[in-house]
Amino acid sequence: MSAETIAGRNPVTEAIKGGRHINKIFIAGNSRPGSFRDIIQLAKEQGIVVQEVDSAKLDGLVPGVRHQGIVATVAAKEYVELEDLLTIIEEGQEQPLLVLLDELEDPHNFGAILRTCDAVGVHGVLIPKRRGVMLTATVARTSAGAIEHVPVVRIGNIGQTIVKLKKRGYWVVGADMDGEQVYYKSALTGPLVVVLGGEGKGIGRLVKEQCDFIVRIPMHGKVNSLNVSVAGSLLLYEILRQREQV
């Protein structure tokens, strides 16, 4: 597995709690006494080495990143197999909810989406193997720890995956500005796969054709689209609202 880094108090804390394989934690030696006491205690309980270094060392590990005086070197986050994820979901008692990202490219958007997914109880996020952003250190930092709690699956052909999910009883809803239904007027209960498109181009034509229905977010301003992570948050929280009313 390739080496990765996680920077910042909250992401490092969640990585420890989430059971990530952490090789070492580096803490700036000039930090305020006691500012990392809880993190050091968590690390000690799991046998993780903590080393004090100067800030220049941290700057070199994560150039250009606001690391808050703490960086962990970890193994790359492992992906989950789709069949394993579906089996776990089917053994549970909750209505399944998955998010499929069609060629998302910005790691900051990916991290923000993972954070919302964790907040609303999404069971897993699906991303294509060959196109789009992967699980990187930037994604981990932006997700503020959510990457540790939301399973991510890399899939091959998106169309074939959608067909497979439909056969397992999922409805597939896409978010697009040309959608025929307003998102909060649509029935969004039951087993769902939410498809979000890439920045600037949205959902691909072939993927859109395979969705059971497309929803849109009303826009009354002069800008004709929302950031994908914002649009995804609105839609996912509407799904949560409807499910809590059932």
# chains A, B, ... in the order shown; residues from 1 in each chain; ligands from 1
>>> select_by_dssp(residues="stretch 93-179 of chain A", states="helix (DSSP H, G or I)", output="PyMOL selection string")
chain A and resi 107-120+137-142+146-148+158-167
>>> residues_around(residues="A:Gly132", least_positions_apart="3", cutoff="12 Å", atoms="only C-alpha atoms", output="list in words")
Leu100, Leu101, Asp102, Glu103, Leu104, Glu105, Asp106, Pro107, Asn109, Phe110, Leu126, Ile127, Pro128, Lys129, Leu135, Thr136, Arg154, Ile155, Gly197, Gly198 and Glu199 of chain A
>>> write_last_selection(atoms="N, CA and C atoms", output="short mmCIF file (atom, residue, chain, number, x, y, z; two decimals), in the first residue's frame")
data_model
loop_
_atom_site.label_atom_id
_atom_site.label_comp_id
_atom_site.auth_asym_id
_atom_site.auth_seq_id
_atom_site.Cartn_x
_atom_site.Cartn_y
_atom_site.Cartn_z
N LEU A 100 -23.35 7.52 -5.84
CA LEU A 100 -22.47 7.19 -6.95
C LEU A 100 -21.95 8.48 -7.57
N LEU A 101 -20.64 8.62 -7.65
CA LEU A 101 -20.02 9.84 -8.20
C LEU A 101 -19.54 9.57 -9.61
N ASP A 102 -20.12 10.29 -10.57
CA ASP A 102 -19.80 10.10 -11.98
C ASP A 102 -18.68 11.06 -12.40
N GLU A 103 -17.44 10.60 -12.29
CA GLU A 103 -16.26 11.35 -12.73
C GLU A 103 -16.05 12.66 -11.97
N LEU A 104 -16.25 12.62 -10.67
CA LEU A 104 -15.90 13.77 -9.84
C LEU A 104 -14.37 13.92 -9.85
N GLU A 105 -13.88 15.15 -9.92
CA GLU A 105 -12.45 15.36 -10.06
C GLU A 105 -11.79 16.10 -8.90
N ASP A 106 -12.52 16.95 -8.21
CA ASP A 106 -11.94 17.78 -7.17
C ASP A 106 -11.92 17.04 -5.83
N PRO A 107 -10.74 16.80 -5.24
CA PRO A 107 -10.68 16.08 -3.95
C PRO A 107 -11.36 16.84 -2.82
N ASN A 109 -14.17 18.59 -3.12
CA ASN A 109 -15.59 18.25 -3.25
C ASN A 109 -15.85 16.85 -2.73
N PHE A 110 -14.95 15.92 -3.05
CA PHE A 110 -15.11 14.54 -2.60
C PHE A 110 -15.12 14.49 -1.08
N LEU A 126 -19.76 5.12 -4.20
CA LEU A 126 -19.19 4.40 -5.34
C LEU A 126 -18.49 5.38 -6.27
N ILE A 127 -17.26 5.05 -6.66
CA ILE A 127 -16.50 5.89 -7.58
C ILE A 127 -15.91 5.02 -8.68
N PRO A 128 -15.77 5.54 -9.90
CA PRO A 128 -15.18 4.74 -10.99
C PRO A 128 -13.68 4.54 -10.78
N LYS A 129 -13.19 3.37 -11.19
CA LYS A 129 -11.77 3.05 -11.03
C LYS A 129 -10.88 3.89 -11.92
N LEU A 135 -9.23 8.23 -3.18
CA LEU A 135 -9.07 8.56 -1.77
C LEU A 135 -7.63 9.03 -1.52
N THR A 136 -7.46 10.32 -1.39
CA THR A 136 -6.13 10.90 -1.19
C THR A 136 -6.06 11.60 0.16
N ARG A 154 -14.64 1.17 -5.38
CA ARG A 154 -14.25 1.50 -6.74
C ARG A 154 -14.93 0.51 -7.68
N ILE A 155 -15.62 1.04 -8.67
CA ILE A 155 -16.37 0.19 -9.59
C ILE A 155 -15.77 0.30 -11.00
N GLY A 197 -22.90 14.19 -10.56
CA GLY A 197 -21.98 14.31 -11.68
C GLY A 197 -20.72 15.07 -11.35
N GLY A 198 -19.80 15.09 -12.30
CA GLY A 198 -18.54 15.80 -12.14
C GLY A 198 -18.70 17.30 -12.28
N GLU A 199 -17.69 18.02 -11.79
CA GLU A 199 -17.70 19.47 -11.84
C GLU A 199 -17.78 19.98 -13.28
#
>>> residues_around(residues="stretch 170-175 of chain A", least_positions_apart="2", cutoff="6 Å", atoms="only C-alpha atoms", output="PDB file with N, CA and C atoms, in the first residue's frame")
ATOM      1  N   LEU A 165     -27.368  -2.953  -9.367  1.00  0.00           N
ATOM      2  CA  LEU A 165     -28.052  -2.399  -8.198  1.00  0.00           C
ATOM      3  C   LEU A 165     -29.568  -2.400  -8.384  1.00  0.00           C
ATOM      4  N   LYS A 166     -30.015  -2.124  -9.595  1.00  0.00           N
ATOM      5  CA  LYS A 166     -31.459  -2.179  -9.855  1.00  0.00           C
ATOM      6  C   LYS A 166     -32.003  -3.586  -9.630  1.00  0.00           C
ATOM      7  N   ARG A 168     -30.972  -5.574  -7.516  1.00  0.00           N
ATOM      8  CA  ARG A 168     -30.999  -5.812  -6.065  1.00  0.00           C
ATOM      9  C   ARG A 168     -32.085  -4.975  -5.391  1.00  0.00           C
ATOM     10  N   PRO A 191     -34.940   1.923  -1.032  1.00  0.00           N
ATOM     11  CA  PRO A 191     -33.521   1.738  -1.363  1.00  0.00           C
ATOM     12  C   PRO A 191     -33.116   2.663  -2.516  1.00  0.00           C
ATOM     13  N   LEU A 192     -32.134   3.521  -2.293  1.00  0.00           N
ATOM     14  CA  LEU A 192     -31.782   4.533  -3.289  1.00  0.00           C
ATOM     15  C   LEU A 192     -30.292   4.545  -3.604  1.00  0.00           C
ATOM     16  N   VAL A 193     -30.002   4.883  -4.856  1.00  0.00           N
ATOM     17  CA  VAL A 193     -28.658   5.252  -5.284  1.00  0.00           C
ATOM     18  C   VAL A 193     -28.754   6.680  -5.816  1.00  0.00           C
ATOM     19  N   VAL A 194     -28.023   7.594  -5.212  1.00  0.00           N
ATOM     20  CA  VAL A 194     -28.001   8.991  -5.645  1.00  0.00           C
ATOM     21  C   VAL A 194     -26.784   9.202  -6.539  1.00  0.00           C
ATOM     22  N   VAL A 195     -27.011   9.653  -7.762  1.00  0.00           N
ATOM     23  CA  VAL A 195     -25.924   9.871  -8.713  1.00  0.00           C
ATOM     24  C   VAL A 195     -25.622  11.356  -8.801  1.00  0.00           C
ATOM     25  N   LEU A 196     -24.355  11.703  -8.535  1.00  0.00           N
ATOM     26  CA  LEU A 196     -23.893  13.084  -8.642  1.00  0.00           C
ATOM     27  C   LEU A 196     -22.833  13.158  -9.731  1.00  0.00           C
ATOM     28  N   CYS A 211     -30.715   6.305 -15.158  1.00  0.00           N
ATOM     29  CA  CYS A 211     -31.365   6.691 -13.906  1.00  0.00           C
ATOM     30  C   CYS A 211     -32.875   6.478 -14.023  1.00  0.00           C
ATOM     31  N   ASP A 212     -33.506   6.086 -12.942  1.00  0.00           N
ATOM     32  CA  ASP A 212     -34.961   5.916 -12.948  1.00  0.00           C
ATOM     33  C   ASP A 212     -35.667   7.260 -13.045  1.00  0.00           C
ATOM     34  N   PHE A 213     -35.096   8.285 -12.426  1.00  0.00           N
ATOM     35  CA  PHE A 213     -35.624   9.639 -12.580  1.00  0.00           C
ATOM     36  C   PHE A 213     -34.528  10.638 -12.214  1.00  0.00           C
ATOM     37  N   ILE A 214     -34.707  11.860 -12.725  1.00  0.00           N
ATOM     38  CA  ILE A 214     -33.740  12.923 -12.513  1.00  0.00           C
ATOM     39  C   ILE A 214     -34.430  14.053 -11.750  1.00  0.00           C
ATOM     40  N   VAL A 215     -33.759  14.569 -10.726  1.00  0.00           N
ATOM     41  CA  VAL A 215     -34.323  15.668  -9.952  1.00  0.00           C
ATOM     42  C   VAL A 215     -33.440  16.906 -10.117  1.00  0.00           C
ATOM     43  N   ARG A 216     -34.057  18.057  -9.935  1.00  0.00           N
ATOM     44  CA  ARG A 216     -33.315  19.312 -10.040  1.00  0.00           C
ATOM     45  C   ARG A 216     -33.513  20.138  -8.781  1.00  0.00           C
TER      46      ARG A 216
END
>>> closest_residue(among="A:Val150, A:Ala15, A:Val99, A:Val120", to="A:Ala72", atoms="only C-alpha atoms")
A:Ala15
>>> closest_residue(among="A:Arg131, A:Leu85, A:Gly18, A:Tyr237", to="A:Ala119", atoms="only C-alpha atoms")
A:Tyr237
>>> residues_around(residues="A:Glu83", least_positions_apart="5", cutoff="10 Å", atoms="only C-alpha atoms", output="list in words")
Ile88, Ile89 and Val153 of chain A
>>> write_last_selection(atoms="C-alpha atoms", output="mmCIF file, in the first residue's frame")
data_model
loop_
_atom_site.group_PDB
_atom_site.id
_atom_site.type_symbol
_atom_site.label_atom_id
_atom_site.label_comp_id
_atom_site.auth_asym_id
_atom_site.auth_seq_id
_atom_site.Cartn_x
_atom_site.Cartn_y
_atom_site.Cartn_z
ATOM 1 C CA ILE A 88 -23.571 -5.917 4.950
ATOM 2 C CA ILE A 89 -26.373 -3.531 3.987
ATOM 3 C CA VAL A 153 -16.116 1.251 -3.457
#
>>> closest_residue(among="A:Ile217, A:Glu14, A:Ile162, A:His123", to="A:Gly92", atoms="only C-alpha atoms")
A:His123
>>> closest_residue(among="A:Asn227, A:Thr189, A:Thr13, A:Ser35", to="A:Asp176", atoms="only C-alpha atoms")
A:Asn227
>>> residues_around(residues="A:Gln245", least_positions_apart="2", cutoff="12 Å", atoms="only C-alpha atoms", output="list in words")
Ala187, Leu188, Thr189, Glu238, Ile239, Leu240, Arg241, Gln242 and Arg243 of chain A
>>> atom_distance(atom1="atom CA of A:Gln51", atom2="atom CA of A:Glu148")
23.1 Å
>>> residues_around(residues="stretch 218-220 of chain A", least_positions_apart="2", cutoff="10 Å", atoms="only C-alpha atoms", output="list in words")
Met177, Gly179, Gln181, Val182, Tyr183, Tyr184, Val215, Arg216, Lys222, Val223, Asn224, Ser225 and Leu226 of chain A
>>> closest_residue(among="A:Ile147, A:Leu97, A:Ala112, A:Leu86", to="A:Lys164", atoms="only C-alpha atoms")
A:Leu86
>>> decode(residues="stretch 130-161 of chain A", atoms="N, CA and C atoms", output="PDB file, in the first residue's frame")
ATOM      1  N   ARG A 130     -11.317   4.175 -13.129  1.00  0.00           N
ATOM      2  CA  ARG A 130     -10.433   4.759 -14.128  1.00  0.00           C
ATOM      3  C   ARG A 130     -10.561   6.269 -14.294  1.00  0.00           C
ATOM      4  N   ARG A 131     -11.656   6.851 -13.852  1.00  0.00           N
ATOM      5  CA  ARG A 131     -11.860   8.286 -14.057  1.00  0.00           C
ATOM      6  C   ARG A 131     -12.383   8.914 -12.769  1.00  0.00           C
ATOM      7  N   GLY A 132     -11.789  10.043 -12.426  1.00  0.00           N
ATOM      8  CA  GLY A 132     -12.258  10.742 -11.244  1.00  0.00           C
ATOM      9  C   GLY A 132     -11.281  10.638 -10.082  1.00  0.00           C
ATOM     10  N   VAL A 133     -11.595  11.342  -9.018  1.00  0.00           N
ATOM     11  CA  VAL A 133     -10.730  11.445  -7.864  1.00  0.00           C
ATOM     12  C   VAL A 133     -10.737  10.150  -7.051  1.00  0.00           C
ATOM     13  N   MET A 134      -9.602   9.861  -6.410  1.00  0.00           N
ATOM     14  CA  MET A 134      -9.470   8.701  -5.538  1.00  0.00           C
ATOM     15  C   MET A 134      -9.409   9.180  -4.081  1.00  0.00           C
ATOM     16  N   LEU A 135      -9.230   8.231  -3.180  1.00  0.00           N
ATOM     17  CA  LEU A 135      -9.074   8.565  -1.773  1.00  0.00           C
ATOM     18  C   LEU A 135      -7.635   9.028  -1.523  1.00  0.00           C
ATOM     19  N   THR A 136      -7.457  10.317  -1.385  1.00  0.00           N
ATOM     20  CA  THR A 136      -6.134  10.899  -1.195  1.00  0.00           C
ATOM     21  C   THR A 136      -6.064  11.598   0.158  1.00  0.00           C
ATOM     22  N   ALA A 137      -4.873  12.076   0.485  1.00  0.00           N
ATOM     23  CA  ALA A 137      -4.701  12.809   1.733  1.00  0.00           C
ATOM     24  C   ALA A 137      -5.556  14.069   1.756  1.00  0.00           C
ATOM     25  N   THR A 138      -5.692  14.724   0.605  1.00  0.00           N
ATOM     26  CA  THR A 138      -6.530  15.929   0.536  1.00  0.00           C
ATOM     27  C   THR A 138      -7.989  15.601   0.809  1.00  0.00           C
ATOM     28  N   VAL A 139      -8.449  14.480   0.270  1.00  0.00           N
ATOM     29  CA  VAL A 139      -9.825  14.036   0.544  1.00  0.00           C
ATOM     30  C   VAL A 139     -10.002  13.785   2.033  1.00  0.00           C
ATOM     31  N   ALA A 140      -9.033  13.119   2.636  1.00  0.00           N
ATOM     32  CA  ALA A 140      -9.109  12.808   4.060  1.00  0.00           C
ATOM     33  C   ALA A 140      -9.209  14.076   4.902  1.00  0.00           C
ATOM     34  N   ARG A 141      -8.374  15.055   4.599  1.00  0.00           N
ATOM     35  CA  ARG A 141      -8.393  16.298   5.377  1.00  0.00           C
ATOM     36  C   ARG A 141      -9.716  17.040   5.204  1.00  0.00           C
ATOM     37  N   THR A 142     -10.188  17.119   3.969  1.00  0.00           N
ATOM     38  CA  THR A 142     -11.418  17.868   3.705  1.00  0.00           C
ATOM     39  C   THR A 142     -12.632  17.193   4.337  1.00  0.00           C
ATOM     40  N   SER A 143     -12.590  15.872   4.432  1.00  0.00           N
ATOM     41  CA  SER A 143     -13.730  15.146   5.011  1.00  0.00           C
ATOM     42  C   SER A 143     -13.808  15.285   6.517  1.00  0.00           C
ATOM     43  N   ALA A 144     -12.774  15.844   7.141  1.00  0.00           N
ATOM     44  CA  ALA A 144     -12.738  16.054   8.600  1.00  0.00           C
ATOM     45  C   ALA A 144     -12.986  14.754   9.366  1.00  0.00           C
ATOM     46  N   GLY A 145     -12.426  13.657   8.860  1.00  0.00           N
ATOM     47  CA  GLY A 145     -12.550  12.383   9.544  1.00  0.00           C
ATOM     48  C   GLY A 145     -13.632  11.466   9.012  1.00  0.00           C
ATOM     49  N   ALA A 146     -14.530  11.977   8.184  1.00  0.00           N
ATOM     50  CA  ALA A 146     -15.639  11.160   7.681  1.00  0.00           C
ATOM     51  C   ALA A 146     -15.155  10.006   6.806  1.00  0.00           C
ATOM     52  N   ILE A 147     -13.970  10.143   6.208  1.00  0.00           N
ATOM     53  CA  ILE A 147     -13.416   9.093   5.358  1.00  0.00           C
ATOM     54  C   ILE A 147     -13.242   7.786   6.134  1.00  0.00           C
ATOM     55  N   GLU A 148     -13.109   7.892   7.452  1.00  0.00           N
ATOM     56  CA  GLU A 148     -12.917   6.704   8.272  1.00  0.00           C
ATOM     57  C   GLU A 148     -14.215   5.930   8.496  1.00  0.00           C
ATOM     58  N   HIS A 149     -15.340   6.541   8.215  1.00  0.00           N
ATOM     59  CA  HIS A 149     -16.627   5.948   8.592  1.00  0.00           C
ATOM     60  C   HIS A 149     -17.550   5.652   7.417  1.00  0.00           C
ATOM     61  N   VAL A 150     -17.196   6.124   6.227  1.00  0.00           N
ATOM     62  CA  VAL A 150     -18.039   5.895   5.052  1.00  0.00           C
ATOM     63  C   VAL A 150     -17.292   4.966   4.093  1.00  0.00           C
ATOM     64  N   PRO A 151     -17.782   3.745   3.865  1.00  0.00           N
ATOM     65  CA  PRO A 151     -17.114   2.836   2.929  1.00  0.00           C
ATOM     66  C   PRO A 151     -17.114   3.403   1.517  1.00  0.00           C
ATOM     67  N   VAL A 152     -15.992   3.240   0.831  1.00  0.00           N
ATOM     68  CA  VAL A 152     -15.870   3.700  -0.550  1.00  0.00           C
ATOM     69  C   VAL A 152     -15.532   2.506  -1.431  1.00  0.00           C
ATOM     70  N   VAL A 153     -16.283   2.365  -2.520  1.00  0.00           N
ATOM     71  CA  VAL A 153     -16.116   1.251  -3.457  1.00  0.00           C
ATOM     72  C   VAL A 153     -15.651   1.784  -4.799  1.00  0.00           C
ATOM     73  N   ARG A 154     -14.643   1.174  -5.375  1.00  0.00           N
ATOM     74  CA  ARG A 154     -14.251   1.501  -6.742  1.00  0.00           C
ATOM     75  C   ARG A 154     -14.926   0.510  -7.678  1.00  0.00           C
ATOM     76  N   ILE A 155     -15.617   1.041  -8.672  1.00  0.00           N
ATOM     77  CA  ILE A 155     -16.367   0.193  -9.592  1.00  0.00           C
ATOM     78  C   ILE A 155     -15.774   0.301 -10.996  1.00  0.00           C
ATOM     79  N   GLY A 156     -16.054  -0.692 -11.823  1.00  0.00           N
ATOM     80  CA  GLY A 156     -15.601  -0.665 -13.201  1.00  0.00           C
ATOM     81  C   GLY A 156     -16.554   0.139 -14.064  1.00  0.00           C
ATOM     82  N   ASN A 157     -17.417  -0.533 -14.769  1.00  0.00           N
ATOM     83  CA  ASN A 157     -18.380   0.115 -15.647  1.00  0.00           C
ATOM     84  C   ASN A 157     -19.567   0.639 -14.834  1.00  0.00           C
ATOM     85  N   ILE A 158     -19.814   1.947 -14.926  1.00  0.00           N
ATOM     86  CA  ILE A 158     -20.902   2.538 -14.139  1.00  0.00           C
ATOM     87  C   ILE A 158     -22.252   1.970 -14.568  1.00  0.00           C
ATOM     88  N   GLY A 159     -22.452   1.853 -15.881  1.00  0.00           N
ATOM     89  CA  GLY A 159     -23.732   1.341 -16.375  1.00  0.00           C
ATOM     90  C   GLY A 159     -24.026  -0.058 -15.875  1.00  0.00           C
ATOM     91  N   GLN A 160     -23.039  -0.935 -15.926  1.00  0.00           N
ATOM     92  CA  GLN A 160     -23.234  -2.298 -15.444  1.00  0.00           C
ATOM     93  C   GLN A 160     -23.504  -2.331 -13.951  1.00  0.00           C
ATOM     94  N   THR A 161     -22.842  -1.438 -13.223  1.00  0.00           N
ATOM     95  CA  THR A 161     -23.080  -1.375 -11.779  1.00  0.00           C
ATOM     96  C   THR A 161     -24.504  -0.932 -11.482  1.00  0.00           C
TER      97      THR A 161
END
